[in-house]
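**Student:** I am sharing run33.pdb, which consists of PDB, C-alpha atoms:
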```
ATOM      1  CA  MET J   1      37.840   5.090  -8.605
ATOM      2  CA  ARG J   2      34.133   5.518  -9.231
ATOM      3  CA  PRO J   3      32.923   8.932 -10.391
ATOM      4  CA  ASP J   4      29.851  10.516  -8.818
ATOM      5  CA  ARG J   5      26.724   8.512  -9.511
ATOM      6  CA  GLU J   6      25.219  11.271 -11.621
ATOM      7  CA  SER J   7      28.082  10.733 -14.111
ATOM      8  CA  TRP J   8      27.665   6.959 -14.414
ATOM      9  CA  ALA J   9      25.105   7.002 -17.218
ATOM     10  CA  SER J  10      26.935   9.528 -19.380
ATOM     11  CA  ALA J  11      30.247   7.684 -18.886
ATOM     12  CA  LEU J  12      28.723   4.334 -19.811
ATOM     13  CA  ALA J  13      26.897   5.878 -22.778
ATOM     14  CA  SER J  14      30.296   6.865 -24.182
ATOM     15  CA  ALA J  15      31.803   3.389 -23.696
ATOM     16  CA  ASP J  16      31.778   0.571 -26.250
ATOM     17  CA  ALA J  17      28.045   0.139 -26.936
ATOM     18  CA  ALA J  18      28.272  -3.571 -27.739
ATOM     19  CA  LYS J  19      30.136  -4.326 -24.513
ATOM     20  CA  VAL J  20      27.677  -2.233 -22.479
ATOM     21  CA  ALA J  21      24.740  -4.095 -24.037
ATOM     22  CA  ALA J  22      26.330  -7.514 -23.521
ATOM     23  CA  LEU J  23      27.145  -6.848 -19.862
ATOM     24  CA  ALA J  24      23.721  -5.369 -19.060
ATOM     25  CA  ASP J  25      21.940  -8.259 -20.790
ATOM     26  CA  ARG J  26      24.082 -10.790 -18.901
ATOM     27  CA  ILE J  27      23.102  -9.172 -15.584
ATOM     28  CA  ARG J  28      19.443  -8.928 -16.608
ATOM     29  CA  ASP J  29      19.346 -12.608 -17.565
ATOM     30  CA  ARG J  30      20.445 -13.764 -14.105
ATOM     31  CA  ALA J  31      18.472 -11.199 -12.108
ATOM     32  CA  THR J  32      14.913  -9.930 -11.800
ATOM     33  CA  VAL J  33      14.266  -6.511 -13.266
ATOM     34  CA  THR J  34      11.124  -4.722 -12.100
ATOM     35  CA  PRO J  35      10.175  -1.378 -13.614
ATOM     36  CA  LEU J  36       9.234   1.196 -10.966
ATOM     37  CA  ALA J  37       7.921   3.793 -13.401
ATOM     38  CA  PRO J  38       6.912   3.644 -17.041
ATOM     39  CA  PRO J  39       9.972   3.958 -19.291
ATOM     40  CA  ARG J  40       9.655   7.205 -21.208
ATOM     41  CA  GLU J  41      11.151   8.496 -24.407
ATOM     42  CA  GLY J  42      10.211  11.696 -26.170
ATOM     43  CA  LEU J  43      10.969  15.346 -26.591
ATOM     44  CA  MET J  44      11.371  17.781 -23.744
ATOM     45  CA  LEU J  45      12.051  21.493 -23.612
ATOM     46  CA  MET J  46      15.610  22.293 -22.626
ATOM     47  CA  GLN J  47      15.914  25.358 -20.476
ATOM     48  CA  ALA J  48      19.113  27.394 -20.538
ATOM     49  CA  ARG J  49      20.239  30.664 -18.989
ATOM     50  CA  ASP J  50      21.800  33.455 -21.007
ATOM     51  CA  SER J  51      25.271  34.443 -19.894
ATOM     52  CA  VAL J  52      24.675  38.212 -19.800
ATOM     53  CA  ALA J  53      21.428  38.896 -17.951
ATOM     54  CA  GLY J  54      21.117  35.407 -16.495
ATOM     55  CA  ALA J  55      17.567  35.127 -17.829
ATOM     56  CA  ALA J  56      16.118  31.663 -18.417
ATOM     57  CA  PHE J  57      14.991  30.773 -21.911
ATOM     58  CA  HIS J  58      14.007  27.649 -23.824
ATOM     59  CA  LEU J  59      16.860  26.598 -26.058
ATOM     60  CA  GLY J  60      14.750  24.076 -27.945
ATOM     61  CA  GLU J  61      13.444  20.535 -27.786
ATOM     62  CA  ILE J  62      15.788  17.670 -27.082
ATOM     63  CA  PRO J  63      15.226  13.903 -27.242
ATOM     64  CA  MET J  64      15.125  12.408 -23.777
ATOM     65  CA  ALA J  65      14.695   8.915 -22.391
ATOM     66  CA  ARG J  66      14.442   7.837 -18.769
ATOM     67  CA  VAL J  67      14.099   4.518 -16.961
ATOM     68  CA  HIS J  68      13.616   3.720 -13.257
ATOM     69  CA  LEU J  69      13.769   0.096 -12.124
ATOM     70  CA  ARG J  70      14.677  -2.308  -9.358
ATOM     71  CA  LEU J  71      17.253  -5.017  -9.912
ATOM     72  CA  THR J  72      17.162  -8.070  -7.678
ATOM     73  CA  ALA J  73      19.958 -10.627  -7.916
ATOM     74  CA  PRO J  74      20.847 -13.513  -5.584
ATOM     75  CA  GLU J  75      23.680 -11.397  -4.087
ATOM     76  CA  GLY J  76      21.484  -8.355  -3.482
ATOM     77  CA  GLY J  77      19.496  -5.687  -5.216
ATOM     78  CA  ALA J  78      19.100  -1.973  -5.644
ATOM     79  CA  GLU J  79      17.091   0.652  -7.458
ATOM     80  CA  GLY J  80      18.660   1.988 -10.604
ATOM     81  CA  GLY J  81      17.862   4.697 -13.044
ATOM     82  CA  ALA J  82      19.140   6.544 -16.039
ATOM     83  CA  ALA J  83      18.075   9.626 -17.965
ATOM     84  CA  LEU J  84      19.899  10.558 -21.121
ATOM     85  CA  MET J  85      19.585  12.941 -24.035
ATOM     86  CA  SER J  86      18.772  10.117 -26.409
ATOM     87  CA  ASP J  87      15.840   8.432 -28.108
ATOM     88  CA  ASP J  88      17.377   4.992 -27.570
ATOM     89  CA  LEU J  89      15.209   3.515 -24.823
ATOM     90  CA  ALA J  90      16.997   0.154 -24.987
ATOM     91  CA  LEU J  91      20.339   1.825 -24.275
ATOM     92  CA  VAL J  92      18.914   3.855 -21.378
ATOM     93  CA  THR J  93      17.295   0.728 -19.925
ATOM     94  CA  ARG J  94      20.645  -1.044 -20.030
ATOM     95  CA  LEU J  95      22.328   1.925 -18.362
ATOM     96  CA  ALA J  96      19.698   1.785 -15.587
ATOM     97  CA  ILE J  97      20.421  -1.932 -15.099
ATOM     98  CA  LEU J  98      24.160  -1.225 -14.831
ATOM     99  CA  ASP J  99      23.437   1.675 -12.458
ATOM    100  CA  ALA J 100      21.492  -0.662 -10.164
ATOM    101  CA  ALA J 101      24.110  -3.421 -10.447
ATOM    102  CA  LEU J 102      26.869  -1.038  -9.438
ATOM    103  CA  CYS J 103      24.782   0.320  -6.580
ATOM    104  CA  ALA J 104      24.209  -3.214  -5.338
ATOM    105  CA  ASP J 105      27.912  -4.046  -5.749
ATOM    106  CA  LEU J 106      27.163  -7.153  -7.755
ATOM    107  CA  PRO J 107      30.126  -9.298  -8.856
ATOM    108  CA  GLU J 108      30.025  -7.552 -12.246
ATOM    109  CA  ALA J 109      30.870  -4.194 -10.617
ATOM    110  CA  PRO J 110      34.570  -4.262 -11.691
ATOM    111  CA  GLU J 111      33.517  -4.841 -15.307
ATOM    112  CA  ILE J 112      31.083  -1.923 -15.096
ATOM    113  CA  GLU J 113      33.782   0.275 -13.594
ATOM    114  CA  ALA J 114      36.166  -0.689 -16.404
ATOM    115  CA  LEU J 115      33.572   0.271 -19.017
ATOM    116  CA  MET J 116      32.936   3.489 -17.152
ATOM    117  CA  ALA J 117      36.664   4.319 -17.172
ATOM    118  CA  GLN J 118      36.758   3.687 -20.912
ATOM    119  CA  GLY J 119      33.727   5.925 -21.440
ATOM    120  CA  MET J 120      35.213   8.696 -19.309
ATOM    121  CA  ALA J 121      38.426   8.551 -21.361
ATOM    122  CA  VAL J 122      36.383   8.903 -24.543
ATOM    123  CA  ARG J 123      34.485  11.846 -23.064
ATOM    124  CA  ALA J 124      37.695  13.526 -21.907
ATOM    125  CA  GLU J 125      39.107  13.225 -25.425
ATOM    126  CA  VAL J 126      35.950  14.708 -26.944
ATOM    127  CA  HIS J 127      35.957  17.555 -24.418
ATOM    128  CA  ALA J 128      39.627  18.281 -25.154
ATOM    129  CA  ARG J 129      38.928  18.365 -28.885
ATOM    130  CA  ARG J 130      35.965  20.704 -28.382
ATOM    131  CA  ALA J 131      37.954  22.955 -26.060
ATOM    132  CA  LEU J 132      40.661  23.219 -28.709
ATOM    133  CA  ALA J 133      38.110  24.101 -31.388
ATOM    134  CA  LEU J 134      36.489  26.631 -29.081
ATOM    135  CA  ASP J 135      39.842  28.145 -28.211
ATOM    136  CA  ARG J 136      40.437  28.970 -31.883
ATOM    137  CA  THR J 137      37.324  31.160 -31.852
ATOM    138  CA  ARG J 138      38.535  33.230 -28.891
ATOM    139  CA  VAL J 139      39.069  36.933 -29.607
ATOM    140  CA  ASP J 140      40.605  39.677 -27.476
ATOM    141  CA  PHE J 141      38.931  43.037 -27.446
ATOM    142  CA  GLN J 142      41.078  46.049 -26.809
ATOM    143  CA  LEU J 143      39.177  48.992 -25.401
ATOM    144  CA  LEU J 144      39.904  52.554 -26.479
ATOM    145  CA  SER J 145      40.160  53.594 -22.858
ATOM    146  CA  GLU J 146      43.023  51.103 -22.418
ATOM    147  CA  ASP J 147      44.874  52.698 -25.387
ATOM    148  CA  ASP J 148      44.511  56.082 -23.769
ATOM    149  CA  ALA J 149      46.029  54.901 -20.528
TER     150      ALA J 149
ATOM    151  CA  MET Y   1      12.877  -9.507 -26.904
ATOM    152  CA  SER Y   2      12.680  -6.080 -25.323
ATOM    153  CA  VAL Y   3      15.220  -5.074 -22.698
ATOM    154  CA  LEU Y   4      12.535  -4.391 -20.114
ATOM    155  CA  ASP Y   5       9.268  -6.285 -19.948
ATOM    156  CA  LEU Y   6       6.470  -4.142 -18.583
ATOM    157  CA  PRO Y   7       3.741  -5.742 -16.453
ATOM    158  CA  ARG Y   8       0.770  -6.512 -18.669
ATOM    159  CA  LEU Y   9      -1.460  -3.830 -17.162
ATOM    160  CA  TRP Y  10       0.939  -1.090 -18.250
ATOM    161  CA  ARG Y  11       1.481  -2.127 -21.848
ATOM    162  CA  PRO Y  12       0.023   0.121 -24.569
ATOM    163  CA  GLU Y  13      -1.897  -2.735 -26.211
ATOM    164  CA  THR Y  14      -3.572  -3.510 -22.865
ATOM    165  CA  HIS Y  15      -4.624   0.123 -22.506
ATOM    166  CA  GLN Y  16      -6.119   0.044 -26.009
ATOM    167  CA  ALA Y  17      -8.149  -3.070 -25.175
ATOM    168  CA  LEU Y  18      -9.250  -1.593 -21.830
ATOM    169  CA  PHE Y  19     -10.295   1.646 -23.490
ATOM    170  CA  ARG Y  20     -12.509  -0.167 -25.999
ATOM    171  CA  ARG Y  21     -14.227  -2.270 -23.330
ATOM    172  CA  ILE Y  22     -14.761   0.662 -20.956
ATOM    173  CA  LEU Y  23     -16.058   2.836 -23.798
ATOM    174  CA  ASP Y  24     -18.555   0.124 -24.756
ATOM    175  CA  VAL Y  25     -20.019  -0.205 -21.265
ATOM    176  CA  ALA Y  26     -19.976   3.567 -20.743
ATOM    177  CA  ALA Y  27     -22.194   3.854 -23.824
ATOM    178  CA  ARG Y  28     -24.510   1.122 -22.502
ATOM    179  CA  PRO Y  29     -25.082   1.688 -18.774
ATOM    180  CA  GLY Y  30     -25.905  -1.523 -16.952
ATOM    181  CA  GLN Y  31     -23.673  -3.696 -19.092
ATOM    182  CA  ILE Y  32     -20.643  -5.169 -17.384
ATOM    183  CA  ALA Y  33     -17.160  -5.393 -18.860
ATOM    184  CA  ASP Y  34     -15.136  -8.430 -17.825
ATOM    185  CA  LEU Y  35     -11.471  -7.403 -17.756
ATOM    186  CA  SER Y  36     -10.087 -10.536 -16.134
ATOM    187  CA  ASP Y  37      -7.981 -11.544 -19.150
ATOM    188  CA  LEU Y  38      -6.151  -8.188 -19.062
ATOM    189  CA  LEU Y  39      -5.467  -7.727 -15.372
ATOM    190  CA  ASP Y  40      -2.845 -10.256 -14.215
ATOM    191  CA  ASP Y  41      -4.431 -10.236 -10.739
ATOM    192  CA  ARG Y  42      -4.533  -6.445 -10.466
ATOM    193  CA  ALA Y  43      -7.828  -4.726  -9.594
ATOM    194  CA  ALA Y  44     -10.253  -3.599 -12.283
ATOM    195  CA  ALA Y  45     -10.393  -0.192 -10.569
ATOM    196  CA  LEU Y  46      -6.657   0.250 -11.164
ATOM    197  CA  ALA Y  47      -7.140  -0.781 -14.795
ATOM    198  CA  ALA Y  48      -9.804   1.896 -15.163
ATOM    199  CA  LEU Y  49      -7.473   4.530 -13.729
ATOM    200  CA  ALA Y  50      -4.659   3.300 -15.981
ATOM    201  CA  THR Y  51      -6.983   3.927 -18.916
ATOM    202  CA  PHE Y  52      -8.211   7.340 -17.776
ATOM    203  CA  CYS Y  53      -5.187   8.983 -16.194
ATOM    204  CA  ASP Y  54      -2.039  10.592 -17.508
ATOM    205  CA  ASN Y  55       0.216  13.419 -16.436
ATOM    206  CA  THR Y  56      -2.382  16.043 -17.345
ATOM    207  CA  GLN Y  57      -4.935  14.674 -14.850
ATOM    208  CA  MET Y  58      -5.368  14.952 -11.100
ATOM    209  CA  LEU Y  59      -6.313  11.995  -8.903
ATOM    210  CA  ALA Y  60      -7.492  11.714  -5.314
ATOM    211  CA  ASP Y  61      -7.052   8.242  -3.807
ATOM    212  CA  LEU Y  62      -9.418   8.000  -0.840
ATOM    213  CA  THR Y  63      -8.709   4.290  -0.362
ATOM    214  CA  GLY Y  64      -4.957   4.213   0.141
ATOM    215  CA  ALA Y  65      -4.998   1.192  -2.160
ATOM    216  CA  LEU Y  66      -2.575   2.662  -4.684
ATOM    217  CA  SER Y  67       1.116   2.040  -4.066
ATOM    218  CA  ASP Y  68       3.848   4.505  -4.922
ATOM    219  CA  THR Y  69       4.708   2.320  -7.915
ATOM    220  CA  ASP Y  70       1.065   2.368  -9.064
ATOM    221  CA  LEU Y  71       1.065   6.170  -8.861
ATOM    222  CA  ALA Y  72       4.361   6.331 -10.756
ATOM    223  CA  PHE Y  73       2.922   4.156 -13.518
ATOM    224  CA  LEU Y  74      -0.303   6.142 -13.612
ATOM    225  CA  ASP Y  75       1.935   9.195 -14.044
ATOM    226  CA  VAL Y  76      -0.839  11.272 -12.544
ATOM    227  CA  ARG Y  77      -0.712  14.215 -10.175
ATOM    228  CA  THR Y  78      -2.424  13.754  -6.820
ATOM    229  CA  ALA Y  79      -4.778  16.435  -5.579
ATOM    230  CA  PRO Y  80      -7.344  17.138  -2.851
ATOM    231  CA  VAL Y  81     -10.655  15.458  -3.570
ATOM    232  CA  ASP Y  82     -12.472  18.705  -4.380
ATOM    233  CA  GLN Y  83      -9.946  19.484  -7.124
ATOM    234  CA  ALA Y  84      -9.406  16.033  -8.607
ATOM    235  CA  GLY Y  85     -10.768  15.013 -11.986
ATOM    236  CA  PHE Y  86     -10.584  11.358 -10.931
ATOM    237  CA  ILE Y  87     -11.383   9.925  -7.517
ATOM    238  CA  LEU Y  88     -10.813   6.399  -6.235
ATOM    239  CA  ALA Y  89     -13.152   5.482  -3.379
ATOM    240  CA  ARG Y  90     -14.534   2.450  -1.567
ATOM    241  CA  GLY Y  91     -18.229   1.725  -2.043
ATOM    242  CA  ALA Y  92     -18.640   0.341   1.467
ATOM    243  CA  GLU Y  93     -17.821   3.749   2.933
ATOM    244  CA  ALA Y  94     -20.435   6.484   2.538
ATOM    245  CA  PRO Y  95     -19.059   9.427   0.552
ATOM    246  CA  ARG Y  96     -18.202  12.400   2.752
ATOM    247  CA  PHE Y  97     -16.661  14.680   0.190
ATOM    248  CA  ALA Y  98     -17.647  17.212  -2.446
ATOM    249  CA  PRO Y  99     -16.379  16.263  -5.902
ATOM    250  CA  ARG Y 100     -15.971  18.603  -8.834
ATOM    251  CA  LEU Y 101     -19.264  18.896 -10.722
ATOM    252  CA  GLY Y 102     -18.071  21.007 -13.636
ATOM    253  CA  THR Y 103     -19.849  24.165 -14.718
ATOM    254  CA  LEU Y 104     -22.605  24.934 -17.206
ATOM    255  CA  ASP Y 105     -19.927  26.154 -19.619
ATOM    256  CA  ALA Y 106     -17.628  23.189 -18.977
ATOM    257  CA  PRO Y 107     -19.607  20.230 -17.616
ATOM    258  CA  GLU Y 108     -16.746  17.918 -18.638
ATOM    259  CA  GLY Y 109     -14.981  19.275 -15.540
ATOM    260  CA  GLY Y 110     -17.180  17.010 -13.400
ATOM    261  CA  ALA Y 111     -15.226  14.273 -11.654
ATOM    262  CA  THR Y 112     -15.158  10.618 -12.603
ATOM    263  CA  ILE Y 113     -15.383   8.510  -9.463
ATOM    264  CA  VAL Y 114     -14.094   4.943  -9.543
ATOM    265  CA  VAL Y 115     -15.881   3.063  -6.773
ATOM    266  CA  MET Y 116     -14.452  -0.243  -5.556
ATOM    267  CA  LEU Y 117     -17.163  -2.811  -4.759
ATOM    268  CA  ASP Y 118     -17.389  -6.421  -3.580
ATOM    269  CA  SER Y 119     -19.401  -7.487  -6.615
ATOM    270  CA  LEU Y 120     -21.428  -6.053  -9.476
ATOM    271  CA  THR Y 121     -23.949  -8.891  -9.529
ATOM    272  CA  ASP Y 122     -24.658 -10.161  -6.006
ATOM    273  CA  GLY Y 123     -26.227  -7.123  -4.358
ATOM    274  CA  THR Y 124     -29.386  -5.043  -4.306
ATOM    275  CA  PRO Y 125     -30.957  -4.780  -7.793
ATOM    276  CA  LEU Y 126     -31.035  -1.323  -9.333
ATOM    277  CA  THR Y 127     -33.115  -0.366 -12.361
ATOM    278  CA  LEU Y 128     -31.425   1.903 -14.846
ATOM    279  CA  THR Y 129     -32.992   4.048 -17.565
ATOM    280  CA  GLY Y 130     -31.701   6.790 -19.790
ATOM    281  CA  PRO Y 131     -29.467   7.297 -22.833
ATOM    282  CA  GLY Y 132     -27.784   4.118 -24.033
ATOM    283  CA  ILE Y 133     -30.475   1.887 -22.529
ATOM    284  CA  ALA Y 134     -33.242   0.581 -24.833
ATOM    285  CA  ALA Y 135     -35.955   0.247 -22.181
ATOM    286  CA  GLN Y 136     -34.372  -0.471 -18.858
ATOM    287  CA  ALA Y 137     -31.304  -2.252 -17.574
ATOM    288  CA  GLY Y 138     -30.324  -3.770 -14.256
ATOM    289  CA  LEU Y 139     -27.284  -3.800 -12.056
ATOM    290  CA  SER Y 140     -26.929  -5.423  -8.632
ATOM    291  CA  PRO Y 141     -23.901  -3.930  -6.903
ATOM    292  CA  SER Y 142     -22.842  -5.450  -3.620
ATOM    293  CA  GLY Y 143     -20.775  -3.391  -1.192
ATOM    294  CA  LEU Y 144     -22.227  -0.042  -2.221
ATOM    295  CA  ALA Y 145     -23.454   2.009   0.732
ATOM    296  CA  PRO Y 146     -26.949   3.454   0.020
ATOM    297  CA  ALA Y 147     -25.547   6.921   0.745
ATOM    298  CA  TRP Y 148     -23.669   6.712  -2.569
ATOM    299  CA  LEU Y 149     -26.903   6.743  -4.554
ATOM    300  CA  ASP Y 150     -28.279   9.665  -2.528
ATOM    301  CA  ALA Y 151     -25.046  11.580  -3.053
ATOM    302  CA  ARG Y 152     -24.985  10.800  -6.766
ATOM    303  CA  ALA Y 153     -28.585  12.010  -7.150
ATOM    304  CA  ARG Y 154     -27.590  15.251  -5.424
ATOM    305  CA  TRP Y 155     -24.412  15.695  -7.480
ATOM    306  CA  CYS Y 156     -26.200  15.017 -10.780
ATOM    307  CA  ALA Y 157     -29.312  17.084 -10.034
ATOM    308  CA  ASP Y 158     -28.211  20.019 -12.182
ATOM    309  CA  PHE Y 159     -27.493  18.300 -15.488
ATOM    310  CA  PRO Y 160     -25.274  18.720 -17.497
ATOM    311  CA  MET Y 161     -23.157  19.233 -14.385
ATOM    312  CA  GLY Y 162     -22.483  16.162 -12.272
ATOM    313  CA  VAL Y 163     -20.240  13.164 -11.828
ATOM    314  CA  ASP Y 164     -19.769   9.896 -13.670
ATOM    315  CA  LEU Y 165     -19.434   6.711 -11.642
ATOM    316  CA  VAL Y 166     -17.346   3.687 -12.563
ATOM    317  CA  LEU Y 167     -18.321   0.740 -10.395
ATOM    318  CA  ALA Y 168     -15.634  -1.926 -10.210
ATOM    319  CA  ASP Y 169     -15.336  -5.243  -8.433
ATOM    320  CA  GLN Y 170     -12.117  -7.227  -8.600
ATOM    321  CA  THR Y 171     -12.261  -8.110 -12.304
ATOM    322  CA  ARG Y 172     -15.272  -6.334 -13.817
ATOM    323  CA  LEU Y 173     -16.638  -2.853 -14.135
ATOM    324  CA  ALA Y 174     -19.752  -0.965 -15.165
ATOM    325  CA  VAL Y 175     -20.273   2.730 -15.801
ATOM    326  CA  LEU Y 176     -23.075   4.979 -14.584
ATOM    327  CA  PRO Y 177     -22.839   8.218 -16.558
ATOM    328  CA  ARG Y 178     -24.527  11.277 -15.095
ATOM    329  CA  THR Y 179     -27.349  10.849 -17.640
ATOM    330  CA  THR Y 180     -28.507   7.528 -16.177
ATOM    331  CA  LYS Y 181     -31.561   7.477 -13.927
ATOM    332  CA  ILE Y 182     -31.437   4.972 -11.074
ATOM    333  CA  LYS Y 183     -34.407   3.404  -9.284
ATOM    334  CA  GLY Y 184     -34.525   0.763  -6.588
ATOM    335  CA  ALA Y 185     -31.999   2.152  -4.176
TER     336      ALA Y 185
END
```
What is this file in structure tokens?
**Tutor:**
Amino acid sequence: MRPDRESWASALASADAAKVAALADRIRDRATVTPLAPPREGLMLMQARDSVAGAAFHLGEIPMARVHLRLTAPEGGAEGGAALMSDDLALVTRLAILDAALCADLPEAPEIEALMAQGMAVRAEVHARRALALDRTRVDFQLLSEDDA
Amino acid sequence: MSVLDLPRLWRPETHQALFRRILDVAARPGQIADLSDLLDDRAAALAALATFCDNTQMLADLTGALSDTDLAFLDVRTAPVDQAGFILARGAEAPRFAPRLGTLDAPEGGATIVVMLDSLTDGTPLTLTGPGIAAQAGLSPSGLAPAWLDARARWCADFPMGVDLVLADQTRLAVLPRTTKIKGA
């Protein structure tokens, strides 16, 4: 089953990079790829919200790359895009190509979905490991008022 | 081989070459820059905007000639004509707008107007004098309504405030800075 489209790029970014590159390049070589906006890579300010007052603040600068393109293949075409916290513009371009190919339901769609499933499994494992590490830092505060009760 | 090949007009090395050629003719009013080897069939006016504009600038397109993709590549904000730092207009249509002229403190706030013409060499001869011109220079724009020269004279009357004009036909362009005096209209 396909995840929501907004998760495609992050799932594919966690999959086997060589397989992602090979598949995207294979699709690019048999299709026409037209950029719809200048590919960008650089630093951007990441805004976060503190968990107490809910006030917005700038956490810091993060590397960011984004690509917006149109993919046209003999079977059909679609617009694709990807934006990722990364300075690897080649990777983000390939993710945008795969995004468009999946949108257009090209014959390579099952291969893309398989890579996406692999990437999501990797992400789930990383999240589980982080959750475990975070859990070890959890502390319970006992309030004096509770002792009195 | 890069993963994504950009159209020639949007490559950094093209912008560098365009900048040099436009700078040269801006310093020598009356001279014409031939951009045909850099354009890949796109208009010289678009090449000028590609050189001038970025996401800190505001553009008013009075021609409707720019596509959504062009605007995305220019990465420029659009604005009403009286607020825009850059204006794209057609020379055949008399100007009916009031561009930014800058202020005495900040004359660089005056707009740069890119005017699309039929030709830079087949029209009514104009005589140019002023900074960057040894004695006098000539330019013969075709497809420039006479009202443009009246409007420019009005806009540039209070130097250093005023506007700078970039006249562009399909493949070439010339620059008329606000310092240039024009006779022969």
**Student:** So what do you get for atom CA of Thr56 of chain Y versus atom CA of Asp75 of chain Y, distance-wise?
**Tutor:**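 Atom-to-atom, atom CA of Thr56 of chain Y and atom CA of Asp75 of chain Y are spaced 8.7 Å apart.
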**Student:** Identify which of the residues J:Ser7, J:Gln47, J:Thr137, J:Thr34 lies closest to Glu79 of chain J, counting only C-alpha atoms when measuring atom-to-atom distances.
**Tutor:**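 Closest candidate: J:Thr34.
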**Student:** Can you pull out the residues contacting Met46 of chain J? Cut-off 6 Å, using only C-alpha atoms, and skip same-chain residues under 4 positions away; I want them as a list in words.
**Tutor:** His58, Leu59, Gly60 and Glu61 of chain J
**Student:** Report the residues retrieved by the PyMOL selection byres ((chain J) within 6 of (chain Y)) from the displayed file, expressed as a PDB file with C-alpha atoms, in the frame of the given file.
**Tutor:**
```pdb
ATOM      1  CA  LEU J  36       9.234   1.196 -10.966  1.00  0.00           C
ATOM      2  CA  ALA J  37       7.921   3.793 -13.401  1.00  0.00           C
ATOM      3  CA  PRO J  38       6.912   3.644 -17.041  1.00  0.00           C
ATOM      4  CA  ALA J  90      16.997   0.154 -24.987  1.00  0.00           C
TER       5      ALA J  90
END
```
**Student:** May I ask for the distance between atom CA of Ala101 of chain J and atom CA of Ala65 of chain J, given in Å to one decimal place?
**Tutor:**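 These atoms are spaced 19.6 Å apart.
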**Student:** Can you spell out as a ChimeraX atom specification the set of residues that the PyMOL selection byres ((chain Y and resi 127) around 12) selects in the structure I just provided?
**Tutor:** /Y:29-30,124-126,128-130,133,135-141,176,180-185
**Student:** Please evaluate the PyMOL selection byres ((chain Y and resi 111) around 12) against the structure above and give the resulting residues as a count of residues only.
**Tutor:** 39
**Student:** Leaving out Val67 of chain J and any residue of its chain fewer than 5 positions from it, which residues lie within 9 Å of it when counting all atoms listed in the file, given as a list in words?
**Tutor:**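 That gives Pro35, Leu36, Ala37, Pro38, Pro39, Arg40, Glu41, Gly80, Gly81, Ala82, Ala83, Leu89, Val92, Thr93, Leu95 and Ala96 of chain J.
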**Student:** One decimal, in Å: what's the spacing between atom CA of Ala104 of chain J and atom CA of Ala78 of chain J?
**Tutor:**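 Taking atom CA of Ala104 of chain J and atom CA of Ala78 of chain J, their separation equals 5.3 Å.
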**Student:** Pick out the closest residue to Thr179 of chain Y from this set: Y:Ala45, Y:Ala153, Y:Met116, Y:Ala134. Count all atoms listed in the file.
**Tutor:** Y:Ala153
**Student:** Between Y:Ala47, Y:Ala65, Y:Ala89, Y:Ala145, which one has atoms that come closest to Leu9 of chain Y, using all atoms listed in the file?
**Tutor:** Y:Ala47
**Student:** Neighbours of Asp105 of chain J within 10 Å (all atoms listed in the file; same-chain residues fewer than 5 positions away dropped), as a PyMOL selection string?
**Tutor:** chain J and resi 75-78+99-100+110
**Student:** Taking into account all atoms listed in the file, which residue in the set J:Glu108, J:Trp8, J:Arg30, J:Ala13 is nearest to Asp88 of chain J?
**Tutor:**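 Going through J:Glu108, J:Trp8, J:Arg30, J:Ala13 one by one, the smallest distance to Asp88 of chain J is for J:Ala13.
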